[in-house]
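K.L.:
Provided herewith: query.txt, compact mmCIF, C-alpha atoms and all ligand atoms.
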```txt
# COMPACT_ATOMS: atom_id res chain seq x y z
CA MET K 1 1.91 11.71 46.05
CA ASN K 2 4.17 11.92 43.06
CA LYS K 3 6.15 15.17 43.27
CA ILE K 4 5.91 16.33 39.70
CA GLU K 5 6.55 20.04 39.32
CA ILE K 6 4.42 21.88 36.83
CA THR K 7 3.94 25.49 37.91
CA ASP K 8 3.06 27.32 41.13
CA LYS K 9 -0.64 27.16 40.44
CA ILE K 10 -0.87 24.02 38.38
CA LYS K 11 -0.34 20.81 40.34
CA TYR K 12 0.12 17.22 39.28
CA ILE K 13 -2.49 14.99 40.93
CA GLY K 14 -2.18 11.86 38.78
CA ALA K 15 -0.86 8.43 39.68
CA ASP K 16 1.54 5.77 38.46
CA ASP K 17 0.35 2.23 37.84
CA LYS K 18 3.03 -0.44 37.95
CA THR K 19 0.82 -3.48 38.44
CA LEU K 20 -1.41 -3.38 35.35
CA ASP K 21 -0.73 -6.51 33.29
CA LEU K 22 -1.62 -5.14 29.86
CA PHE K 23 -2.51 -1.59 28.84
CA GLU K 24 -5.81 -1.64 26.92
CA SER K 25 -5.70 -5.39 27.62
CA GLN K 26 -3.11 -5.87 24.90
CA TYR K 27 0.13 -3.91 25.34
CA ILE K 28 2.87 -4.94 27.76
CA ILE K 29 4.11 -2.06 29.91
CA PRO K 30 7.37 -3.20 31.55
CA ASN K 31 7.72 0.11 33.38
CA GLY K 32 4.04 0.68 34.09
CA VAL K 33 2.05 3.69 32.96
CA SER K 34 0.95 6.98 34.47
CA TYR K 35 -2.59 8.34 34.48
CA ASN K 36 -1.98 12.06 34.52
CA SER K 37 -4.42 14.49 36.04
CA TYR K 38 -3.88 18.14 36.90
CA LEU K 39 -5.38 20.70 39.24
CA ILE K 40 -5.37 24.43 38.52
CA GLU K 41 -5.69 26.74 41.55
CA ASP K 42 -7.16 30.11 40.76
CA GLU K 43 -10.32 32.04 41.67
CA LYS K 44 -11.92 28.82 40.51
CA ILE K 45 -10.48 25.36 41.02
CA VAL K 46 -10.23 23.23 37.91
CA ILE K 47 -9.37 19.56 37.56
CA MET K 48 -8.12 18.37 34.21
CA ASP K 49 -9.41 14.79 33.76
CA THR K 50 -9.67 11.98 36.28
CA VAL K 51 -7.63 8.75 36.36
CA ASP K 52 -8.19 5.03 35.92
CA GLN K 53 -10.42 3.42 38.59
CA ARG K 54 -7.40 1.41 39.75
CA LYS K 55 -5.91 4.62 41.15
CA LYS K 56 -9.07 6.28 42.46
CA ASP K 57 -8.07 6.43 46.15
CA GLU K 58 -4.61 7.82 45.53
CA TRP K 59 -6.01 10.42 43.16
CA LEU K 60 -8.76 11.55 45.57
CA GLU K 61 -6.15 11.91 48.32
CA ASN K 62 -3.94 13.96 45.99
CA ILE K 63 -6.86 16.28 45.29
CA GLU K 64 -7.68 16.78 48.95
CA LYS K 65 -4.07 17.58 49.81
CA VAL K 66 -3.92 20.32 47.20
CA LEU K 67 -7.41 21.67 47.82
CA ASN K 68 -6.83 22.26 51.50
CA GLY K 69 -10.54 22.55 52.17
CA ARG K 70 -11.56 24.34 48.97
CA GLU K 71 -14.17 22.97 46.56
CA VAL K 72 -13.70 21.90 42.96
CA ASP K 73 -15.49 24.25 40.53
CA TYR K 74 -14.85 22.59 37.16
CA LEU K 75 -13.84 19.21 35.80
CA ILE K 76 -12.54 19.33 32.24
CA VAL K 77 -13.16 16.05 30.39
CA SER K 78 -10.65 15.81 27.55
CA HIS K 79 -11.28 12.16 26.85
CA LEU K 80 -13.88 9.63 27.95
CA GLU K 81 -11.74 6.50 27.74
CA PRO K 82 -11.94 4.89 31.20
CA ASP K 83 -8.22 5.32 31.96
CA HIS K 84 -9.08 9.04 32.29
CA SER K 85 -12.78 9.19 32.96
CA ALA K 86 -13.44 6.39 35.45
CA ASN K 87 -13.95 8.73 38.41
CA ILE K 88 -16.16 11.43 36.90
CA GLU K 89 -19.26 10.29 38.76
CA ILE K 90 -17.38 9.89 42.05
CA LEU K 91 -15.99 13.42 41.76
CA ALA K 92 -19.37 14.83 40.73
CA ASN K 93 -20.98 13.23 43.78
CA LYS K 94 -18.27 14.55 46.07
CA TYR K 95 -18.30 18.14 44.80
CA LYS K 96 -21.98 18.86 44.21
CA ASN K 97 -21.44 22.33 42.76
CA MET K 98 -18.77 21.21 40.32
CA LYS K 99 -19.54 21.83 36.65
CA ILE K 100 -18.44 19.30 34.04
CA VAL K 101 -16.87 20.76 30.91
CA GLY K 102 -16.85 18.81 27.66
CA ASN K 103 -17.99 19.12 24.07
CA GLN K 104 -21.25 17.91 22.58
CA ARG K 105 -19.75 14.52 21.74
CA THR K 106 -18.51 14.13 25.31
CA PHE K 107 -22.01 14.57 26.65
CA ASN K 108 -23.57 12.41 23.94
CA MET K 109 -21.32 9.55 24.99
CA MET K 110 -21.26 10.12 28.73
CA PRO K 111 -24.53 8.23 29.50
CA GLN K 112 -22.85 5.10 28.10
CA PHE K 113 -20.36 5.33 30.94
CA PHE K 114 -22.34 6.74 33.87
CA ASN K 115 -25.88 6.58 35.13
CA MET K 116 -25.85 10.24 36.10
CA ASP K 117 -27.88 13.26 35.04
CA THR K 118 -25.38 15.94 34.00
CA SER K 119 -27.92 18.21 32.29
CA LYS K 120 -27.89 20.90 35.02
CA ARG K 121 -24.16 20.95 35.55
CA GLN K 122 -22.65 20.49 32.13
CA ILE K 123 -20.88 23.19 30.15
CA VAL K 124 -20.75 22.36 26.47
CA VAL K 125 -17.80 23.94 24.70
CA LYS K 126 -16.90 24.06 21.05
CA GLU K 127 -13.81 24.88 19.00
CA GLY K 128 -12.02 27.95 20.33
CA ASP K 129 -14.33 28.58 23.31
CA THR K 130 -12.69 29.86 26.47
CA LEU K 131 -13.30 29.45 30.18
CA ASP K 132 -12.06 32.23 32.45
CA ILE K 133 -11.11 30.98 35.91
CA GLY K 134 -9.23 34.04 37.22
CA LYS K 135 -5.66 34.61 36.09
CA HIS K 136 -5.85 31.48 33.98
CA LYS K 137 -7.89 31.20 30.80
CA LEU K 138 -8.62 27.86 29.24
CA GLN K 139 -9.22 27.54 25.53
CA PHE K 140 -10.59 24.37 23.98
CA PHE K 141 -9.70 22.79 20.66
CA MET K 142 -11.38 19.70 19.28
CA ALA K 143 -9.09 16.76 18.46
CA PRO K 144 -11.49 14.10 17.13
CA MET K 145 -9.96 10.60 16.83
CA VAL K 146 -6.82 11.53 18.71
CA HIS K 147 -7.76 8.99 19.98
CA TRP K 148 -11.57 8.84 20.32
CA PRO K 149 -14.18 11.07 18.61
CA GLU K 150 -14.89 13.24 21.66
CA VAL K 151 -11.26 14.12 22.41
CA MET K 152 -10.40 17.77 22.92
CA VAL K 153 -7.25 19.50 24.09
CA THR K 154 -7.03 22.56 26.30
CA TYR K 155 -4.65 25.49 25.96
CA GLU K 156 -4.05 27.55 29.07
CA GLN K 157 -3.35 31.01 27.71
CA THR K 158 -1.59 32.65 30.66
CA GLU K 159 1.06 30.04 31.38
CA LYS K 160 0.97 28.82 27.76
CA ILE K 161 0.42 25.17 28.57
CA LEU K 162 -1.15 22.64 26.21
CA PHE K 163 -3.08 19.87 27.93
CA SER K 164 -2.78 17.47 25.04
CA ALA K 165 -4.98 14.48 26.07
CA ASP K 166 -3.48 11.20 24.78
CA GLY K 167 -1.30 13.13 22.31
CA PHE K 168 2.40 13.25 23.29
CA GLY K 169 1.77 10.42 25.76
CA LYS K 170 4.16 7.63 26.60
CA PHE K 171 4.15 4.26 28.34
CA GLY K 172 6.15 4.09 31.58
CA ALA K 173 5.49 5.35 35.11
CA LEU K 174 6.77 8.85 35.83
CA ASP K 175 9.68 7.67 37.95
CA THR K 176 11.02 5.61 35.05
CA GLU K 177 14.31 6.83 33.65
CA GLU K 178 14.24 5.92 29.99
CA ASP K 179 14.48 7.48 26.59
CA TRP K 180 11.24 9.28 25.69
CA THR K 181 11.26 8.49 22.00
CA CYS K 182 11.22 4.70 22.10
CA GLU K 183 8.27 4.19 24.41
CA ALA K 184 6.43 7.25 23.09
CA ARG K 185 6.77 5.83 19.57
CA ARG K 186 5.53 2.38 20.65
CA TYR K 187 2.63 4.10 22.40
CA TYR K 188 1.88 6.36 19.43
CA PHE K 189 1.80 3.77 16.66
CA ASN K 190 -0.15 1.23 18.66
CA ILE K 191 -2.67 3.57 20.27
CA VAL K 192 -3.11 6.46 17.84
CA GLY K 193 -1.24 5.26 14.72
CA LYS K 194 -4.35 4.71 12.64
CA TYR K 195 -5.34 8.36 12.93
CA GLY K 196 -2.38 10.12 11.36
CA ASP K 197 -4.54 12.57 9.41
CA GLN K 198 -6.36 13.64 12.55
CA VAL K 199 -3.06 14.10 14.40
CA GLN K 200 -1.89 16.27 11.51
CA GLN K 201 -5.02 18.42 11.92
CA LEU K 202 -4.26 18.82 15.61
CA LEU K 203 -0.63 19.75 14.90
CA LYS K 204 -1.87 22.49 12.55
CA LYS K 205 -3.96 23.94 15.37
CA ALA K 206 -1.09 23.62 17.83
CA ALA K 207 1.18 25.50 15.41
CA THR K 208 -0.98 28.61 15.90
CA LEU K 209 -0.38 28.58 19.68
CA ASP K 210 2.61 29.74 21.68
CA ILE K 211 3.24 26.57 23.71
CA LYS K 212 5.74 26.55 26.58
CA MET K 213 4.80 23.19 28.10
CA ILE K 214 2.86 20.09 27.09
CA CYS K 215 0.91 18.17 29.72
CA PRO K 216 -0.28 14.83 28.30
CA LEU K 217 -2.53 12.25 29.95
CA HIS K 218 0.28 9.66 30.09
CA GLY K 219 4.01 10.02 30.55
CA PRO K 220 6.26 12.93 31.39
CA ILE K 221 5.36 16.60 31.25
CA LEU K 222 7.32 18.10 28.36
CA LYS K 223 8.93 21.38 29.33
CA GLU K 224 11.92 21.92 27.06
CA ASN K 225 12.86 21.48 23.46
CA LEU K 226 9.22 21.12 22.43
CA GLU K 227 10.14 21.33 18.74
CA PHE K 228 11.76 17.89 19.12
CA TYR K 229 8.54 16.25 20.29
CA ILE K 230 6.35 18.13 17.84
CA ASN K 231 8.68 17.17 15.00
CA LYS K 232 8.50 13.49 16.02
CA TYR K 233 4.69 13.71 15.98
CA ASP K 234 4.79 15.32 12.55
CA ILE K 235 6.98 12.49 11.19
CA TRP K 236 4.93 9.75 12.82
CA SER K 237 1.53 11.10 11.89
CA SER K 238 2.51 11.67 8.26
CA TYR K 239 3.71 8.04 8.05
CA THR K 240 7.11 9.28 6.97
CA PRO K 241 9.90 6.78 7.76
CA GLU K 242 11.97 8.08 10.62
CA ASP K 243 15.20 6.12 10.10
CA ASP K 244 17.07 4.46 7.27
CA GLY K 245 17.06 0.77 8.19
CA VAL K 246 15.62 -2.66 7.54
CA LEU K 247 13.29 -4.50 9.85
CA ILE K 248 13.30 -8.25 9.29
CA ALA K 249 10.04 -9.59 10.73
CA TYR K 250 9.99 -13.38 10.69
CA ASN K 251 8.48 -16.58 11.95
CA SER K 252 10.29 -19.85 12.08
CA ILE K 253 8.63 -23.13 13.07
CA HIS K 254 11.73 -25.30 13.48
CA GLY K 255 14.54 -22.75 13.16
CA ASN K 256 15.25 -22.94 9.43
CA THR K 257 13.69 -19.61 8.48
CA LYS K 258 15.47 -18.12 11.48
CA LYS K 259 18.86 -19.31 10.13
CA ALA K 260 17.99 -17.77 6.77
CA VAL K 261 17.11 -14.37 8.25
CA GLU K 262 20.29 -14.34 10.31
CA LYS K 263 22.20 -14.92 7.08
CA LEU K 264 20.11 -12.23 5.41
CA ALA K 265 21.01 -9.77 8.16
CA GLU K 266 24.73 -10.42 7.48
CA ILE K 267 24.17 -9.94 3.76
CA LEU K 268 22.28 -6.68 4.31
CA LYS K 269 25.12 -5.33 6.44
CA GLU K 270 27.69 -6.36 3.81
CA GLU K 271 25.58 -4.58 1.22
CA GLY K 272 25.67 -1.40 3.28
CA ALA K 273 22.42 -1.39 5.30
CA LYS K 274 22.69 1.35 7.92
CA LYS K 275 20.70 -0.61 10.48
CA VAL K 276 19.16 -4.09 10.57
CA VAL K 277 16.65 -5.10 13.23
CA ILE K 278 15.33 -8.66 13.54
CA SER K 279 12.02 -9.51 15.19
CA ASP K 280 10.52 -12.93 15.92
CA LEU K 281 6.82 -12.36 15.42
CA ALA K 282 5.81 -15.24 17.68
CA ARG K 283 8.12 -14.37 20.58
CA ASP K 284 8.95 -10.67 20.58
CA ASP K 285 6.58 -7.91 21.64
CA MET K 286 4.28 -7.41 18.65
CA ALA K 287 3.71 -3.76 19.62
CA GLU K 288 7.43 -3.09 19.41
CA THR K 289 7.66 -4.79 16.03
CA ILE K 290 4.79 -2.59 14.82
CA GLU K 291 6.73 0.41 16.13
CA ASP K 292 9.87 -0.68 14.25
CA ALA K 293 7.90 -1.29 11.07
CA PHE K 294 6.89 2.38 11.14
CA ARG K 295 10.28 3.58 12.32
CA TYR K 296 12.30 2.17 9.39
CA ASP K 297 11.82 2.73 5.70
CA LYS K 298 12.31 -0.91 4.66
CA MET K 299 11.00 -4.24 5.86
CA ILE K 300 11.57 -7.86 4.90
CA ILE K 301 8.93 -10.36 5.94
CA ALA K 302 10.05 -13.98 6.21
CA SER K 303 7.38 -16.55 6.87
CA PRO K 304 6.68 -20.24 6.68
CA THR K 305 3.62 -21.52 4.89
CA TYR K 306 1.12 -23.08 7.28
CA ASP K 307 -2.02 -25.09 6.55
CA ALA K 308 -1.67 -24.09 2.87
CA GLY K 309 -1.80 -20.45 3.97
CA LEU K 310 0.08 -17.98 6.08
CA PHE K 311 1.68 -18.72 9.44
CA PRO K 312 -0.78 -17.25 12.01
CA PHE K 313 1.65 -14.78 13.62
CA THR K 314 2.63 -13.40 10.21
CA GLU K 315 -1.02 -12.85 9.39
CA LYS K 316 -1.67 -11.22 12.77
CA PHE K 317 1.26 -8.85 12.27
CA LEU K 318 0.21 -7.84 8.77
CA ARG K 319 -3.39 -7.29 9.87
CA HIS K 320 -2.16 -5.09 12.72
CA LEU K 321 -0.09 -3.05 10.26
CA LYS K 322 -3.08 -2.65 7.98
CA HIS K 323 -5.25 -1.45 10.90
CA LYS K 324 -2.57 1.08 11.82
CA ASN K 325 -2.56 2.47 8.29
CA TYR K 326 0.93 1.22 7.42
CA GLN K 327 2.10 2.82 4.17
CA LYS K 328 4.97 4.45 2.25
CA ARG K 329 7.46 1.60 2.76
CA LYS K 330 9.56 -0.76 0.63
CA ILE K 331 9.10 -4.45 1.36
CA GLY K 332 10.84 -7.71 0.51
CA ILE K 333 9.37 -11.17 0.98
CA ILE K 334 10.90 -14.52 1.89
CA GLU K 335 8.66 -17.57 2.05
CA ASN K 336 9.38 -21.04 3.29
CA GLY K 337 7.47 -24.22 2.49
CA SER K 338 8.54 -27.82 2.46
CA TRP K 339 6.15 -29.06 -0.22
CA ALA K 340 3.94 -26.18 -1.43
CA PRO K 341 5.28 -22.70 -0.48
CA MET K 342 2.30 -20.31 -0.43
CA ALA K 343 3.24 -17.66 2.14
CA ALA K 344 4.42 -15.03 -0.36
CA LYS K 345 1.10 -15.05 -2.18
CA TYR K 346 -0.85 -14.38 1.02
CA ILE K 347 1.62 -11.77 2.25
CA LYS K 348 1.26 -9.91 -1.07
CA ASN K 349 -2.54 -10.12 -0.85
CA ILE K 350 -2.53 -8.26 2.46
CA LEU K 351 0.17 -5.78 1.42
CA GLU K 352 -1.85 -4.90 -1.67
CA GLU K 353 -4.61 -3.61 0.61
CA MET K 354 -2.19 -0.95 1.90
CA LYS K 355 -1.26 2.42 0.37
CA ASP K 356 2.09 3.25 -1.25
CA ILE K 357 3.78 -0.06 -0.61
CA THR K 358 6.56 -1.05 -2.99
CA ILE K 359 7.16 -4.80 -3.04
CA CYS K 360 10.57 -5.98 -4.27
CA GLU K 361 10.13 -7.85 -7.50
CA LYS K 362 12.00 -10.99 -6.52
CA THR K 363 10.49 -13.15 -3.79
CA VAL K 364 12.88 -15.58 -2.14
CA THR K 365 11.50 -19.09 -1.81
CA ILE K 366 13.13 -21.49 0.63
CA LYS K 367 12.20 -25.15 0.54
CA THR K 368 12.82 -26.15 4.17
CA THR K 369 16.49 -25.07 4.48
CA MET K 370 18.48 -22.37 2.74
CA ASN K 371 21.04 -23.45 0.15
CA GLU K 372 23.48 -21.71 -2.17
CA GLU K 373 20.72 -20.70 -4.52
CA THR K 374 18.64 -19.22 -1.71
CA ILE K 375 21.65 -17.30 -0.49
CA LYS K 376 22.11 -15.84 -3.99
CA ASP K 377 18.43 -14.92 -4.06
CA MET K 378 18.79 -13.20 -0.68
CA GLN K 379 21.81 -11.28 -1.99
CA ASN K 380 19.69 -10.08 -4.89
CA LEU K 381 16.84 -9.19 -2.54
CA ALA K 382 19.25 -7.25 -0.33
CA LYS K 383 20.55 -5.29 -3.32
CA GLN K 384 17.01 -4.55 -4.48
CA ILE K 385 15.69 -3.38 -1.16
CA LEU K 386 18.72 -1.17 -0.52
CA SER K 387 18.73 0.36 -4.01
FE1 LIG W 401 -5.26 7.16 27.58
FE2 LIG W 401 -7.30 6.98 24.82
O1 LIG W 401 -6.87 6.90 26.64
```
Output the file's structure as structure tokens, nothing else.
Ligand code: FEO
P.N.:
Amino acid sequence: MNKIEITDKIKYIGADDKTLDLFESQYIIPNGVSYNSYLIEDEKIVIMDTVDQRKKDEWLENIEKVLNGREVDYLIVSHLEPDHSANIEILANKYKNMKIVGNQRTFNMMPQFFNMDTSKRQIVVKEGDTLDIGKHKLQFFMAPMVHWPEVMVTYEQTEKILFSADGFGKFGALDTEEDWTCEARRYYFNIVGKYGDQVQQLLKKAATLDIKMICPLHGPILKENLEFYINKYDIWSSYTPEDDGVLIAYNSIHGNTKKAVEKLAEILKEEGAKKVVISDLARDDMAETIEDAFRYDKMIIASPTYDAGLFPFTEKFLRHLKHKNYQKRKIGIIENGSWAPMAAKYIKNILEEMKDITICEKTVTIKTTMNEETIKDMQNLAKQILS
């Protein structure tokens, strides 16, 4: 059992998963992921969410160790996504007197996941409702679309702990020593990024609470310096650029566009760019490139033309950005085409579907390889994007 300290009466019963190939079948997780679950010992015993089915046995053992023969009285269901809900039915069958606590949406959706009649054991809560379990008092706040419609968070009033569901989560197993911000940002923009407005609503509710600790469903328990994490969430969810820098996101079929973007990176640095990050859209982790696109205030997209249209990885990247509500950024475009360069046109078409995007006036067109003229055009583009 993972020895994660929370408080005397609140125990960590979750599990690390270091063998999952892709989180949500799409995101690489080099350091695994944790499925967090918590047990509150009081006059009543409460479990806060279950874990992914991959970790069922470890989780059930963790529960038994803490329970020491007692029974579970309540299961709080913050989120029905299977990485947290997979074992609801198993737990309900094991502890026959256990009540299941969720909101109306939770119970509307639950039959899609389980063939189980919860009508006699469900407690339906709504915004602000409380559940008294002894010294601890749980208060529920709805957090729709952070990250599914039924999501709610729970505030424990006595120890002042926010159980924040997917919010404030992070990739990486709990024994991973790494910077919180990087993997929490990659997690945030790829998992919840589309729902910035809803995260803002949740932050407004959280601002009314005196929070001493945040217990998310993935990643470390946050115990100190909570303003730092809350401030990051405020920046991310308002789509405000976090850092002054340029992301160059490119594709290169035979290496010529790559040579051009390497030259462009030099030019940008000469022109005073604070930070330049280069990402190969076909080879680098797309989720990290999405993260960097949101992190920096400027981006240059460099892409070959392909089949009289856009190179597929460029299109995939831009579509991802659109889905994640990418906005409020300044963008430059470089296209390459050996006989009929078309990439810029298609890049602009997709960018025009987004909000508050400023496209630099001058597009750089390369015909196969860069030359002196292209270099001059890139110098102009660098000046424009940095102005
Ligand atoms: Fe970790 Fe939206 O589930």
K.L.:
Between K:Thr19, K:Asn190, K:Thr257, K:Ser279, which residue has the minimum interatomic distance to ligand LIG 401 (chain W), considering all atoms listed in the file?
P.N.:
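Result for the nearest residue to ligand LIG 401 (chain W): K:Asn190.
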K.L.:
Go through chain K and flag each residue having an atom no more than 9 Å from ligand LIG 401 (chain W); for those, report the closest pair of atoms plus their distance in Å to one decimal, using all atoms listed in the file, ordered by chain and rising number, as a Markdown table.
P.N.:
```
| residue | atom | partner | partner_atom | distance |
| --- | --- | --- | --- | --- |
| K:Glu24 | CA | W:LIG401 | O1 | 8.6 |
| K:Tyr35 | CA | W:LIG401 | FE1 | 7.5 |
| K:His79 | CA | W:LIG401 | FE2 | 6.8 |
| K:Leu80 | CA | W:LIG401 | O1 | 7.6 |
| K:Glu81 | CA | W:LIG401 | O1 | 5.0 |
| K:Pro82 | CA | W:LIG401 | O1 | 7.1 |
| K:Asp83 | CA | W:LIG401 | FE1 | 5.6 |
| K:His84 | CA | W:LIG401 | FE1 | 6.3 |
| K:Ser85 | CA | W:LIG401 | O1 | 9.0 |
| K:Val146 | CA | W:LIG401 | FE2 | 7.6 |
| K:His147 | CA | W:LIG401 | FE2 | 5.3 |
| K:Trp148 | CA | W:LIG401 | FE2 | 6.5 |
| K:Val151 | CA | W:LIG401 | FE2 | 8.5 |
| K:Ala165 | CA | W:LIG401 | FE1 | 7.5 |
| K:Asp166 | CA | W:LIG401 | FE1 | 5.2 |
| K:Gly167 | CA | W:LIG401 | FE1 | 8.9 |
| K:Gly169 | CA | W:LIG401 | FE1 | 8.0 |
| K:Ile191 | CA | W:LIG401 | FE2 | 7.3 |
| K:Val192 | CA | W:LIG401 | FE2 | 8.2 |
| K:Leu217 | CA | W:LIG401 | FE1 | 6.2 |
| K:His218 | CA | W:LIG401 | FE1 | 6.6 |
```
K.L.:
Mind giving me the straight-line distance from atom CA of Ile331 of chain K to atom CA of Thr368 of chain K in Å, one decimal?
P.N.:
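Atom CA of Ile331 of chain K sits 22.2 Å away from atom CA of Thr368 of chain K.
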K.L.:
Just checking: using only C-alpha atoms, which residue out of K:Thr314, K:Asn108, K:Asn62, K:Ser238 ends up closest to Tyr250 of chain K?
P.N.:
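Ranking K:Thr314, K:Asn108, K:Asn62, K:Ser238 by distance to Tyr250 of chain K, first place goes to K:Thr314.
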K.L.:
Hey, could you make a per-residue contact list for segment 101-141 of chain K against segment 47-50 of chain K with 12 Å as the cut-off, showing the nearest pair of atoms and its distance in Å to one decimal, counting only C-alpha atoms, sorted by chain and number, as a tab-separated table?
P.N.:
```
residue	atom	partner	partner_atom	distance
K:Val101	CA	K:Met48	CA	9.7
K:Gly102	CA	K:Asp49	CA	10.4
K:Ile133	CA	K:Ile47	CA	11.7
K:Leu138	CA	K:Met48	CA	10.7
```
K.L.:
Any idea what's packed within 10 Å of Asn225 of chain K, counting only C-alpha atoms, ignoring anything in its chain fewer than 4 positions away? Could you give it as number ranges by chain?
P.N.:
K: 212-213, 229-230
K.L.:
One number please: atom CA of Leu310 of chain K to atom CA of Gly196 of chain K, in Å, one decimal.
P.N.:
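Value for the atom CA of Leu310 of chain K-atom CA of Gly196 of chain K distance: 28.7 Å.
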K.L.:
Work out how far apart atom CA of Leu318 of chain K and atom CA of Met299 of chain K are and give it in Å to one decimal.
P.N.:
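Separating atom CA of Leu318 of chain K from atom CA of Met299 of chain K is a distance of 11.7 Å.
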K.L.:
I'd like the neighbourhood of Thr365 of chain K as a PyMOL selection string, where a residue qualifies if any of its atoms comes within 12 Å (using all atoms listed in the file), though same-chain residues fewer than 2 positions away should be ignored.
P.N.:
chain K and resi 257+260+301-305+332-345+362-363+367-371+373-378+381
K.L.:
I need the residue nearest Val51 of chain K from this list: K:Ile6, K:Val77, K:Leu22, K:Ile221. Use all atoms listed in the file for the distance.
P.N.:
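Nearest candidate to Val51 of chain K out of K:Ile6, K:Val77, K:Leu22, K:Ile221: K:Val77.
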K.L.:
Please provide the set of residues having any atom within 8 Å of segment 134-136 of chain K, restricted to only C-alpha atoms, with same-chain residues fewer than 2 positions apart removed, written as a VMD selection string.
P.N.:
chain K and resid 42 to 44 132 138 156 to 159
K.L.:
Taking all atoms listed in the file into account, which of K:Ala143, K:Gly193, K:Val246, K:Pro312 comes nearest Glu271 of chain K?
P.N.:
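Closest candidate: K:Val246.
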K.L.:
Using all atoms listed in the file, which protein or nucleic acid residues come within 8 Å of Thr154 of chain K? Drop anything in the same chain fewer than 6 positions from it, and give the result as a ChimeraX atom specification.
P.N.:
/K:78,138-141,162-164
K.L.:
So which one's closest to Ile359 of chain K, K:Asp175, K:Gln327, K:Lys94, K:Asp52? Using all atoms listed in the file, please.
P.N.:
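Using all atoms listed in the file, Ile359 of chain K sits closest to K:Gln327.
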K.L.:
Could you check the closest approach to Thr130 of chain K for each of K:Phe113, K:Tyr27, K:Tyr155, K:Tyr326 and tell me which residue wins, using only C-alpha atoms?
P.N.:
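That would be K:Tyr155, the residue with the smallest distance to Thr130 of chain K.
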K.L.:
So that I can see what lies close to Glu61 of chain K, please list as an MDAnalysis selection string the residues with an atom at most 12 Å from it, counting only C-alpha atoms and leaving out residues fewer than 5 positions away in the same chain.
P.N.:
chainID K and resid 1:2 13:15 55:56 66:68 91
